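K.L.:
This is query_33.tsv (TSV, C-alpha atoms).
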```tsv
chain	number	residue	atom	x	y	z
W	1	MET	CA	-31.59	3.34	-6.27
W	2	LYS	CA	-30.77	1.83	-2.89
W	3	ASN	CA	-27.02	2.02	-3.57
W	4	GLN	CA	-27.34	5.56	-4.87
W	5	ALA	CA	-29.26	6.63	-1.75
W	6	ALA	CA	-26.60	5.09	0.48
W	7	LEU	CA	-23.85	6.94	-1.33
W	8	GLN	CA	-25.78	10.21	-1.30
W	9	ALA	CA	-26.16	9.88	2.46
W	10	THR	CA	-22.39	10.06	2.76
W	11	SER	CA	-22.43	13.56	1.30
W	12	GLN	CA	-24.17	14.67	4.49
W	13	GLU	CA	-22.49	12.35	7.00
W	14	SER	CA	-18.96	11.09	7.40
W	15	LEU	CA	-18.16	7.79	5.75
W	16	GLY	CA	-17.14	6.44	9.12
W	17	ASP	CA	-20.73	6.84	10.35
W	18	ALA	CA	-22.80	6.37	7.22
W	19	LEU	CA	-21.16	3.23	5.92
W	20	HIS	CA	-20.51	1.31	9.14
W	21	GLY	CA	-22.34	-1.96	9.13
W	22	ALA	CA	-21.98	-5.71	8.97
W	23	PHE	CA	-19.82	-5.64	5.86
W	24	ARG	CA	-17.44	-3.03	7.27
W	25	GLN	CA	-17.06	-5.05	10.45
W	26	GLU	CA	-16.42	-8.21	8.42
W	27	VAL	CA	-13.60	-6.54	6.49
W	28	ARG	CA	-12.14	-5.00	9.65
W	29	ARG	CA	-12.21	-8.34	11.45
W	30	PHE	CA	-10.51	-10.05	8.51
W	31	LEU	CA	-7.69	-7.49	8.52
W	32	GLN	CA	-7.21	-7.92	12.27
W	33	GLU	CA	-7.40	-11.72	12.40
W	34	GLU	CA	-6.74	-13.32	9.02
W	35	TYR	CA	-4.58	-10.96	6.98
W	36	PRO	CA	-0.79	-11.45	7.46
W	37	GLN	CA	0.07	-9.22	10.41
W	38	ASP	CA	3.77	-9.08	9.59
W	39	ILE	CA	2.93	-7.45	6.27
W	40	LEU	CA	0.69	-4.91	7.99
W	41	ALA	CA	3.47	-4.13	10.47
W	42	LYS	CA	6.03	-3.76	7.69
W	43	ALA	CA	3.81	-1.40	5.70
W	44	ARG	CA	2.89	0.70	8.74
W	45	ALA	CA	6.56	1.06	9.70
W	46	GLY	CA	7.46	2.40	6.27
W	47	GLY	CA	9.18	-0.76	5.07
W	48	VAL	CA	9.26	-1.89	1.46
W	49	LEU	CA	7.37	-5.00	0.44
W	50	SER	CA	9.12	-7.72	-1.53
W	51	ARG	CA	7.52	-9.59	-4.41
W	52	GLU	CA	6.82	-12.46	-2.03
W	53	ASP	CA	5.17	-10.08	0.46
W	54	GLN	CA	2.98	-8.69	-2.30
W	55	ILE	CA	1.92	-12.16	-3.42
W	56	ARG	CA	1.08	-13.23	0.14
W	57	SER	CA	-0.96	-10.04	0.62
W	58	GLN	CA	-2.91	-10.65	-2.56
W	59	GLN	CA	-3.47	-14.33	-1.85
W	60	ALA	CA	-4.79	-13.53	1.62
W	61	LEU	CA	-7.38	-11.20	0.11
W	62	GLN	CA	-8.27	-13.72	-2.58
W	63	SER	CA	-8.84	-16.39	0.07
W	64	ARG	CA	-12.06	-14.45	0.68
W	65	GLY	CA	-12.60	-13.64	-3.00
W	66	TRP	CA	-11.80	-9.98	-2.33
W	67	LEU	CA	-8.68	-9.36	-4.40
W	68	ALA	CA	-10.26	-7.97	-7.56
W	69	ALA	CA	-12.63	-5.61	-5.74
W	70	THR	CA	-13.82	-3.84	-8.88
W	71	TRP	CA	-14.42	-6.94	-11.02
W	72	PRO	CA	-17.90	-8.34	-11.69
W	73	ALA	CA	-18.74	-11.78	-10.30
W	74	GLU	CA	-18.89	-13.42	-13.73
W	75	HIS	CA	-15.18	-12.77	-14.18
W	76	GLY	CA	-14.05	-13.84	-10.73
W	77	GLY	CA	-14.55	-10.66	-8.74
W	78	PRO	CA	-16.80	-10.25	-5.70
W	79	GLY	CA	-19.45	-8.43	-7.72
W	80	TRP	CA	-19.74	-5.68	-5.12
W	81	ASP	CA	-21.86	-2.61	-5.52
W	82	PRO	CA	-20.11	0.79	-5.28
W	83	VAL	CA	-20.83	1.10	-1.54
W	84	GLN	CA	-19.20	-2.23	-0.71
W	85	ARG	CA	-16.22	-1.44	-2.89
W	86	TYR	CA	-15.73	1.91	-1.18
W	87	VAL	CA	-16.07	0.40	2.30
W	88	PHE	CA	-13.53	-2.31	1.43
W	89	GLU	CA	-10.95	0.16	0.11
W	90	ASP	CA	-11.68	2.46	3.06
W	91	GLU	CA	-10.90	-0.29	5.56
W	92	LEU	CA	-7.69	-1.27	3.77
W	93	ASP	CA	-6.51	2.33	4.02
W	94	ARG	CA	-7.59	2.65	7.65
W	95	ALA	CA	-5.65	-0.48	8.55
W	96	GLY	CA	-2.52	0.80	6.83
W	97	ALA	CA	-2.48	-2.17	4.47
W	98	PRO	CA	-0.07	-1.93	1.54
W	99	THR	CA	-1.40	-0.64	-1.74
W	100	LEU	CA	-2.16	-3.44	-4.17
W	101	GLN	CA	-0.14	-3.52	-7.36
W	102	PRO	CA	-2.68	-2.12	-9.83
W	103	MET	CA	-1.20	-3.21	-13.16
W	104	ALA	CA	-3.10	-6.51	-13.33
W	105	LEU	CA	-6.05	-5.86	-11.03
W	106	ILE	CA	-7.09	-2.33	-11.98
W	107	TYR	CA	-5.48	-1.79	-15.38
W	108	VAL	CA	-5.22	-4.80	-17.66
W	109	GLY	CA	-7.72	-7.13	-15.95
W	110	PRO	CA	-10.77	-5.02	-16.87
W	111	VAL	CA	-9.40	-4.58	-20.40
W	112	ILE	CA	-9.12	-8.37	-20.76
W	113	TYR	CA	-12.63	-9.17	-19.53
W	114	THR	CA	-14.20	-6.27	-21.42
W	115	PHE	CA	-12.43	-6.54	-24.80
W	116	GLY	CA	-10.55	-9.85	-24.75
W	117	THR	CA	-11.52	-13.12	-26.40
W	118	ASP	CA	-12.89	-16.03	-24.39
W	119	GLU	CA	-9.54	-17.79	-24.78
W	120	GLN	CA	-7.68	-14.72	-23.45
W	121	LYS	CA	-9.99	-14.53	-20.45
W	122	ARG	CA	-9.42	-18.21	-19.67
W	123	ARG	CA	-5.69	-17.82	-20.14
W	124	TRP	CA	-5.01	-14.68	-18.12
W	125	LEU	CA	-7.73	-13.90	-15.59
W	126	PRO	CA	-7.32	-16.98	-13.32
W	127	ASP	CA	-3.55	-16.40	-13.04
W	128	ILE	CA	-4.16	-12.77	-12.06
W	129	LEU	CA	-6.64	-13.78	-9.36
W	130	SER	CA	-4.34	-16.48	-7.97
W	131	SER	CA	-1.30	-14.13	-8.13
W	132	LYS	CA	0.45	-16.74	-10.25
W	133	ALA	CA	1.19	-14.02	-12.79
W	134	MET	CA	2.31	-10.44	-12.15
W	135	TRP	CA	1.95	-7.78	-14.85
W	136	ALA	CA	3.71	-4.59	-15.92
W	137	GLN	CA	2.41	-1.67	-17.98
W	138	GLY	CA	4.31	-0.70	-21.13
W	139	TYR	CA	3.07	2.79	-21.97
W	140	SER	CA	5.63	5.59	-21.55
W	141	GLU	CA	8.72	5.79	-23.76
W	142	PRO	CA	11.87	7.92	-23.60
W	143	GLU	CA	10.39	10.37	-26.12
W	144	SER	CA	6.69	9.73	-25.36
W	145	GLY	CA	5.58	10.47	-21.84
W	146	SER	CA	2.74	12.91	-21.43
W	147	ASP	CA	2.20	12.83	-25.21
W	148	LEU	CA	1.63	9.09	-25.16
W	149	ALA	CA	0.07	9.02	-28.63
W	150	SER	CA	3.49	9.83	-30.13
W	151	LEU	CA	4.85	6.44	-29.00
W	152	GLY	CA	7.25	4.63	-31.30
W	153	LEU	CA	7.44	0.98	-30.14
W	154	ARG	CA	6.96	-0.89	-33.43
W	155	ALA	CA	4.98	-4.08	-33.84
W	156	ASP	CA	5.58	-5.31	-37.38
W	157	ARG	CA	3.41	-8.18	-38.62
W	158	ASP	CA	5.21	-11.39	-39.61
W	159	GLY	CA	2.63	-14.07	-40.32
W	160	ASP	CA	1.05	-15.15	-37.03
W	161	HIS	CA	3.43	-12.99	-34.99
W	162	TYR	CA	4.34	-9.38	-34.33
W	163	ILE	CA	7.99	-8.39	-34.13
W	164	LEU	CA	8.44	-5.76	-31.39
W	165	ASN	CA	11.27	-3.24	-31.42
W	166	GLY	CA	11.63	-0.21	-29.20
W	167	THR	CA	11.83	0.90	-25.58
W	168	LYS	CA	9.44	1.49	-22.70
W	169	ILE	CA	10.44	3.45	-19.61
W	170	TRP	CA	9.27	4.18	-16.05
W	171	THR	CA	7.85	0.65	-16.10
W	172	SER	CA	6.83	-0.06	-12.52
W	173	TYR	CA	7.85	-3.46	-11.13
W	174	ALA	CA	8.86	-4.87	-14.51
W	175	GLN	CA	11.49	-6.79	-12.56
W	176	TRP	CA	8.65	-8.71	-10.87
W	177	ALA	CA	6.44	-9.16	-13.91
W	178	ASP	CA	5.62	-12.31	-15.83
W	179	TRP	CA	3.69	-10.37	-18.50
W	180	ILE	CA	3.68	-6.84	-19.89
W	181	PHE	CA	0.86	-5.15	-21.78
W	182	CYS	CA	2.08	-2.62	-24.30
W	183	LEU	CA	0.81	0.05	-26.61
W	184	ALA	CA	2.65	-0.55	-29.87
W	185	ARG	CA	2.44	1.03	-33.30
W	186	THR	CA	1.22	-1.43	-35.90
W	187	SER	CA	0.77	1.18	-38.65
W	188	ARG	CA	1.44	4.84	-39.40
W	189	GLU	CA	-1.70	6.92	-39.81
W	190	GLU	CA	-2.40	10.62	-40.27
W	191	ARG	CA	-3.95	10.78	-36.80
W	192	LYS	CA	-1.27	9.68	-34.33
W	193	GLN	CA	-3.81	8.01	-32.01
W	194	ALA	CA	-4.67	5.63	-34.86
W	195	GLY	CA	-2.52	2.65	-35.79
W	196	ILE	CA	-1.76	1.75	-32.16
W	197	SER	CA	-2.50	-1.78	-30.89
W	198	PHE	CA	-2.77	-3.28	-27.40
W	199	ILE	CA	-0.33	-6.21	-27.25
W	200	CYS	CA	0.64	-8.51	-24.37
W	201	ALA	CA	4.05	-10.18	-24.17
W	202	GLU	CA	5.66	-12.66	-21.79
W	203	MET	CA	8.57	-11.04	-20.00
W	204	SER	CA	10.61	-14.22	-20.54
W	205	SER	CA	10.44	-13.74	-24.32
W	206	PRO	CA	13.85	-13.62	-26.03
W	207	GLY	CA	14.80	-10.04	-26.79
W	208	ILE	CA	13.20	-8.41	-23.75
W	209	THR	CA	15.75	-6.79	-21.41
W	210	VAL	CA	14.92	-5.03	-18.14
W	211	HIS	CA	17.22	-2.25	-16.95
W	212	PRO	CA	16.63	-1.03	-13.38
W	213	ILE	CA	16.04	2.64	-12.56
W	214	VAL	CA	16.62	3.58	-8.91
W	215	SER	CA	14.34	6.51	-8.16
W	216	ILE	CA	15.09	9.54	-6.03
W	217	ASP	CA	13.56	7.86	-2.97
W	218	GLY	CA	16.25	5.18	-3.17
W	219	PHE	CA	14.07	2.29	-4.34
W	220	HIS	CA	14.12	0.06	-7.38
W	221	HIS	CA	10.55	-0.06	-8.60
W	222	LEU	CA	11.03	1.61	-11.98
W	223	ASN	CA	12.67	0.16	-15.06
W	224	ARG	CA	13.56	0.67	-18.70
W	225	VAL	CA	12.39	-2.24	-20.83
W	226	GLU	CA	13.98	-2.82	-24.23
W	227	PHE	CA	12.43	-4.90	-27.01
W	228	GLU	CA	14.76	-6.22	-29.69
W	229	ASN	CA	13.09	-8.38	-32.35
W	230	VAL	CA	10.69	-9.83	-29.79
W	231	ARG	CA	8.26	-12.30	-31.38
W	232	VAL	CA	4.75	-12.11	-29.95
W	233	PRO	CA	1.85	-14.24	-31.24
W	234	VAL	CA	-0.93	-12.22	-32.84
W	235	ASP	CA	-3.45	-13.91	-30.54
W	236	GLN	CA	-1.86	-11.95	-27.66
W	237	ARG	CA	-3.24	-8.72	-29.08
W	238	ILE	CA	-6.35	-7.58	-27.21
W	239	GLY	CA	-9.13	-6.25	-29.41
W	240	GLU	CA	-8.80	-5.02	-32.96
W	241	GLU	CA	-5.55	-4.06	-34.59
W	242	GLY	CA	-5.10	-0.30	-34.65
W	243	LYS	CA	-7.73	0.28	-31.94
W	244	GLY	CA	-5.37	0.22	-28.98
W	245	TRP	CA	-5.89	3.89	-28.16
W	246	HIS	CA	-9.54	3.17	-27.40
W	247	TYR	CA	-8.58	0.41	-24.95
W	248	ALA	CA	-5.88	2.60	-23.44
W	249	THR	CA	-8.37	5.40	-22.80
W	250	PHE	CA	-10.67	2.92	-21.07
W	251	LEU	CA	-7.75	1.75	-18.91
W	252	LEU	CA	-6.57	5.26	-18.04
W	253	GLN	CA	-10.02	6.22	-16.77
W	254	ASN	CA	-9.90	3.25	-14.36
W	255	GLU	CA	-6.34	4.17	-13.40
W	256	ARG	CA	-7.08	7.81	-12.59
W	257	LEU	CA	-10.07	6.87	-10.45
W	258	SER	CA	-7.74	4.77	-8.28
W	259	TYR	CA	-5.58	7.62	-6.95
W	260	ALA	CA	-7.83	9.10	-4.27
W	261	HIS	CA	-7.19	6.88	-1.19
W	262	VAL	CA	-9.27	9.23	0.95
W	263	SER	CA	-8.96	7.24	4.16
W	264	ARG	CA	-5.21	6.90	3.69
W	265	ARG	CA	-4.95	10.70	3.43
W	266	LYS	CA	-7.14	11.09	6.53
W	267	ALA	CA	-4.98	8.63	8.47
W	268	GLU	CA	-1.83	10.47	7.40
W	269	LEU	CA	-3.24	13.79	8.60
W	270	ASP	CA	-4.31	12.27	11.91
W	271	HIS	CA	-0.82	10.81	12.33
W	272	LEU	CA	0.80	14.17	11.60
W	273	ARG	CA	-1.42	15.94	14.12
W	274	LYS	CA	-0.42	13.45	16.83
W	275	LEU	CA	3.24	13.79	15.92
W	276	ALA	CA	3.02	17.57	16.00
W	277	ALA	CA	1.80	17.38	19.59
W	278	THR	CA	5.13	15.76	20.57
W	279	LEU	CA	7.56	17.87	18.52
W	280	PRO	CA	9.02	21.16	19.80
W	281	SER	CA	8.43	24.30	17.78
W	282	ASP	CA	11.16	26.81	16.97
W	283	PHE	CA	8.94	29.47	18.53
W	284	GLY	CA	8.34	27.65	21.80
W	285	GLY	CA	5.73	25.06	22.70
W	286	VAL	CA	4.95	22.23	20.29
W	287	MET	CA	4.33	22.14	16.55
W	288	ALA	CA	0.64	21.34	17.09
W	289	ASP	CA	0.27	24.92	18.38
W	290	ASP	CA	2.26	26.52	15.57
W	291	PRO	CA	-0.09	28.77	13.52
W	292	ASP	CA	1.48	27.79	10.20
W	293	PHE	CA	1.10	24.08	10.93
W	294	ILE	CA	-2.49	24.58	12.09
W	295	ARG	CA	-3.36	26.48	8.91
W	296	ARG	CA	-1.75	24.01	6.51
W	297	HIS	CA	-3.16	21.00	8.32
W	298	ALA	CA	-6.66	22.49	8.26
W	299	GLU	CA	-6.36	23.33	4.55
W	300	SER	CA	-5.36	19.73	3.84
W	301	GLU	CA	-8.25	18.36	5.88
W	302	ILE	CA	-10.70	20.54	3.94
W	303	ALA	CA	-9.16	19.44	0.64
W	304	VAL	CA	-9.44	15.77	1.58
W	305	GLY	CA	-13.06	16.28	2.56
W	306	LEU	CA	-13.80	17.83	-0.83
W	307	LEU	CA	-11.96	14.98	-2.55
W	308	GLU	CA	-14.16	12.52	-0.68
W	309	LYS	CA	-17.27	14.21	-2.07
W	310	MET	CA	-15.81	14.08	-5.58
W	311	VAL	CA	-15.14	10.36	-5.30
W	312	LEU	CA	-18.64	9.72	-4.02
W	313	ASN	CA	-20.16	11.74	-6.84
W	314	ALA	CA	-18.15	9.67	-9.32
W	315	LEU	CA	-19.46	6.47	-7.73
W	316	ILE	CA	-23.05	7.69	-7.68
W	317	ALA	CA	-23.02	8.44	-11.40
W	318	ALA	CA	-20.35	6.00	-12.55
W	319	ASP	CA	-21.92	5.49	-15.98
W	320	GLN	CA	-22.19	9.23	-16.56
W	321	THR	CA	-18.75	10.20	-15.25
W	322	THR	CA	-16.89	12.08	-17.99
W	323	PRO	CA	-13.14	11.95	-18.73
W	324	ALA	CA	-12.95	15.58	-17.62
W	325	GLN	CA	-14.39	14.73	-14.21
W	326	VAL	CA	-11.90	11.89	-13.85
W	327	SER	CA	-9.09	14.29	-14.78
W	328	VAL	CA	-10.19	16.77	-12.11
W	329	LEU	CA	-10.28	13.99	-9.53
W	330	LYS	CA	-6.77	12.87	-10.51
W	331	ILE	CA	-5.45	16.44	-10.24
W	332	GLN	CA	-7.00	16.97	-6.82
W	333	ALA	CA	-5.94	13.59	-5.41
W	334	THR	CA	-2.29	13.91	-6.42
W	335	GLU	CA	-1.88	17.56	-5.42
W	336	ILE	CA	-3.36	16.82	-1.99
W	337	GLN	CA	-1.00	13.88	-1.57
W	338	GLN	CA	1.96	16.16	-2.27
W	339	LYS	CA	0.79	18.79	0.21
W	340	ILE	CA	0.56	16.19	2.96
W	341	THR	CA	4.07	14.88	2.24
W	342	GLU	CA	5.38	18.45	2.37
W	343	LEU	CA	3.81	18.93	5.79
W	344	ALA	CA	5.39	15.66	6.96
W	345	ILE	CA	8.95	16.59	6.01
W	346	ASP	CA	8.55	19.98	7.66
W	347	LEU	CA	7.79	18.12	10.87
W	348	ALA	CA	10.75	15.80	10.27
W	349	GLY	CA	13.12	18.77	10.03
W	350	ARG	CA	16.77	17.78	9.96
W	351	GLY	CA	15.80	14.17	10.66
W	352	GLY	CA	14.48	13.93	7.13
W	353	ALA	CA	17.98	14.42	5.74
W	354	ALA	CA	19.15	11.04	7.04
W	355	TRP	CA	18.95	8.44	4.27
W	356	ALA	CA	17.79	4.92	5.14
W	357	ASP	CA	17.74	1.84	2.95
W	358	ARG	CA	14.22	0.79	3.91
W	359	ALA	CA	14.26	-2.14	1.51
W	360	HIS	CA	16.13	-4.12	4.17
W	361	ASP	CA	14.88	-5.22	7.58
W	362	GLY	CA	16.51	-3.54	10.54
W	363	TRP	CA	16.93	-0.18	8.82
W	364	ARG	CA	15.68	1.66	11.91
W	365	GLU	CA	18.46	0.25	14.05
W	366	THR	CA	20.98	1.94	11.76
W	367	MET	CA	19.74	5.42	12.72
W	368	PRO	CA	18.72	5.35	16.42
W	369	LEU	CA	18.95	9.13	16.91
W	370	VAL	CA	16.59	9.96	14.03
W	371	PRO	CA	12.83	10.09	14.70
W	372	ALA	CA	11.21	6.90	13.40
W	373	PHE	CA	8.80	8.75	11.12
W	374	ALA	CA	11.44	10.94	9.46
W	375	ALA	CA	12.91	8.53	6.89
W	376	PRO	CA	9.52	7.30	5.61
W	377	ALA	CA	8.36	10.93	5.52
W	378	MET	CA	11.27	11.94	3.31
W	379	GLY	CA	10.82	8.86	1.14
W	380	GLY	CA	7.13	9.69	0.70
W	381	TYR	CA	7.98	13.26	-0.21
W	382	MET	CA	10.57	12.20	-2.78
W	383	PHE	CA	8.31	9.66	-4.43
W	384	GLY	CA	5.42	12.09	-4.22
W	385	ARG	CA	7.14	14.46	-6.66
W	386	ALA	CA	6.08	12.02	-9.39
W	387	VAL	CA	2.39	11.61	-8.58
W	388	THR	CA	1.38	14.73	-10.53
W	389	ILE	CA	3.30	13.37	-13.54
W	390	TYR	CA	2.61	9.67	-13.89
W	391	GLY	CA	-0.83	8.50	-14.97
W	392	GLY	CA	-1.26	11.75	-16.89
W	393	ALA	CA	0.63	14.91	-15.95
W	394	THR	CA	-1.38	17.63	-14.22
W	395	GLU	CA	-0.76	20.09	-17.07
W	396	ILE	CA	-2.14	17.59	-19.60
W	397	GLN	CA	-5.15	16.84	-17.39
W	398	LYS	CA	-5.92	20.56	-17.19
W	399	ASN	CA	-5.80	20.76	-20.98
W	400	LEU	CA	-8.28	17.89	-21.19
W	401	VAL	CA	-10.63	19.63	-18.76
W	402	TRP	CA	-10.35	22.91	-20.70
W	403	ARG	CA	-11.20	21.20	-23.98
W	404	MET	CA	-14.29	19.63	-22.42
W	405	ILE	CA	-15.39	22.99	-20.99
W	406	GLY	CA	-14.85	24.68	-24.35
W	407	ARG	CA	-17.12	22.31	-26.25
```
How would this structure read if it were set down as structure tokens?

P.N.:
Amino acid sequence: MKNQAALQATSQESLGDALHGAFRQEVRRFLQEEYPQDILAKARAGGVLSREDQIRSQQALQSRGWLAATWPAEHGGPGWDPVQRYVFEDELDRAGAPTLQPMALIYVGPVIYTFGTDEQKRRWLPDILSSKAMWAQGYSEPESGSDLASLGLRADRDGDHYILNGTKIWTSYAQWADWIFCLARTSREERKQAGISFICAEMSSPGITVHPIVSIDGFHHLNRVEFENVRVPVDQRIGEEGKGWHYATFLLQNERLSYAHVSRRKAELDHLRKLAATLPSDFGGVMADDPDFIRRHAESEIAVGLLEKMVLNALIAADQTTPAQVSVLKIQATEIQQKITELAIDLAGRGGAAWADRAHDGWRETMPLVPAFAAPAMGGYMFGRAVTIYGGATEIQKNLVWRMIGR
């Protein structure tokens, strides 16, 4: 009841006021004094983190036991209540810290400790917490994206092993991964969601090939992963055979709750307002006084405020939150993110047309006449075209909401 009352208070006050306290100050002080400052600077400047950067970031958080913020204490997490978790994520966003790679921490980790065997927990969870092992998610396929249940990756039983054949695509950071968790078809059933199993494979297994996909923003974070007669021990299947869709649904609910980043959106809007005060308008004066900018900025601020209330409501009634509510939150969070990136490139103007390879240090020196914010703004806009597609396309999420309403 105490936690619920604290969260309900935030529906009447701003989070910045209602949730300030000793814990918030502890997290803020850690980010200022103990977290790697070069990584913060790189992220704030629009640079791209390397695998080594990501590991250092995660290990710094785990030095305080804070890496797996959503995990219960019995599985190695901090065991925070919803208020502490929200404050922690809020401070990360306020500081401009890089987004944690979610595949292990938010996606497969909870599946392992909820549905895995004791041996699987001992095998995988410590390596996730120490950042010794990175993970990738093998869900989408060339012919199975939004209709994930139509997937075709085969896992044929051969004694104590499965033999995997097929292809996964849009696999984020597979080039970094030590493990991949896959939805694979172990049998053909009348209902396409049946006969799917949740199988984990080492990326070093013979027969696994990673093909890079360079996305429209110029980065290599996506991949196509091919499986050709890949032998995977049966004891690397999580849960029951043929029940993988159930575990996938559990995972997707956690995934879609992770998109909001309210404080990150607030910080972006504040940054854009300050930029607009320095940029000339085509109609005289500065962009901060342009009626169209004022309107769109205000609409985005209102939308972020409403998103904040939605997130808090989901935290207040976490056990009662329905898949439809999670779908609505995902729709709102991703559409708001796109609107903010659109406002940013409008401010960038012609400067946004200059392409910069931000994966390499010193990229700013290659374009001294272009405003510093322009290249990251265009990169964010380009990547942002995908946010209403991955993790469940907006059109599919609306169908899910409609079905729930129609019941």

K.L.:
Have a look at W:Arg123, W:Leu251, W:Arg264, W:Arg85 and name the one nearest to Thr99 (chain W); count only C-alpha atoms.

P.N.:
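For Thr99 (chain W), the nearest of the candidates is W:Arg264.
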
K.L.:
Nearest to Ser131 (chain W) among W:Lys398, W:His161, W:Arg56, W:Arg295, with distances taken over all atoms listed in the file: which residue is it?

P.N.:
W:Arg56

K.L.:
Using all atoms listed in the file, which residues sit within 10 Å of region 132-146 of chain W once same-chain residues fewer than 4 positions away are excluded, as a PyMOL selection string?

P.N.:
chain W and resi 51+55+59+101-105+107-109+124-128+150-153+166-184+198-203+224-225+248+389-397

K.L.:
Could you check how far CA of Val304 (chain W) sits from CA of Ala333 (chain W), in Å to one decimal?

P.N.:
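Computing it gives 8.1 Å between the two atoms.
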
K.L.:
Work out how far apart CA of Thr117 (chain W) and CA of Gly239 (chain W) are and give it in Å to one decimal.

P.N.:
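That distance, rounded to one decimal, is 7.9 Å.
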
K.L.:
Got a sec: who's within 7 Å of Val370 (chain W), counting all atoms listed in the file, leaving out chain neighbours fewer than 3 positions off, as JSON, numbers by chain?

P.N.:
{"W": [351, 367, 374]}

K.L.:
In terms of the shortest atom-to-atom distance over only C-alpha atoms, which of W:Glu342, W:Glu365, W:Asp357, W:Glu52 is closest to Arg296 (chain W)?

P.N.:
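Of W:Glu342, W:Glu365, W:Asp357, W:Glu52, the one nearest Arg296 (chain W) is W:Glu342, counting only C-alpha atoms.
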
K.L.:
Using all atoms listed in the file, find the one residue out of W:Leu315, W:Gly349, W:Asn165, W:Thr321 that sits nearest to Asp81 (chain W).

P.N.:
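That would be W:Leu315, the residue with the smallest distance to Asp81 (chain W).
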
K.L.:
Have a look at W:Ala260, W:Ala298, W:Ala149, W:Ala45 and name the one nearest to Ser197 (chain W); count all atoms listed in the file.

P.N.:
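Distance minimum relative to Ser197 (chain W) lands on W:Ala149.
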
K.L.:
Give me the residues near Arg265 (chain W) as JSON, numbers by chain, where near means some atom within 8 Å (using all atoms listed in the file) and where sequence neighbours in that chain fewer than 4 positions away do not count.

P.N.:
{"W": [261, 269, 304, 337, 340]}

K.L.:
Quick one, how far is CA of Lys121 (chain W) from CA of Glu74 (chain W)?

P.N.:
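Separating CA of Lys121 (chain W) from CA of Glu74 (chain W) is a distance of 11.2 Å.
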
K.L.:
For each of W:Val401, W:Ala155, W:Ile336, W:Ala73, take the minimum atom-to-atom distance to Glu268 (chain W), counting only C-alpha atoms, then give the residue where this is smallest.

P.N.:
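Of W:Val401, W:Ala155, W:Ile336, W:Ala73, the one nearest Glu268 (chain W), counting only C-alpha atoms, is W:Ile336.
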
K.L.:
What's the 8 Å shell around Asp217 (chain W), counting only C-alpha atoms, without same-chain residues fewer than 6 positions away, as a count of residues only?

P.N.:
5
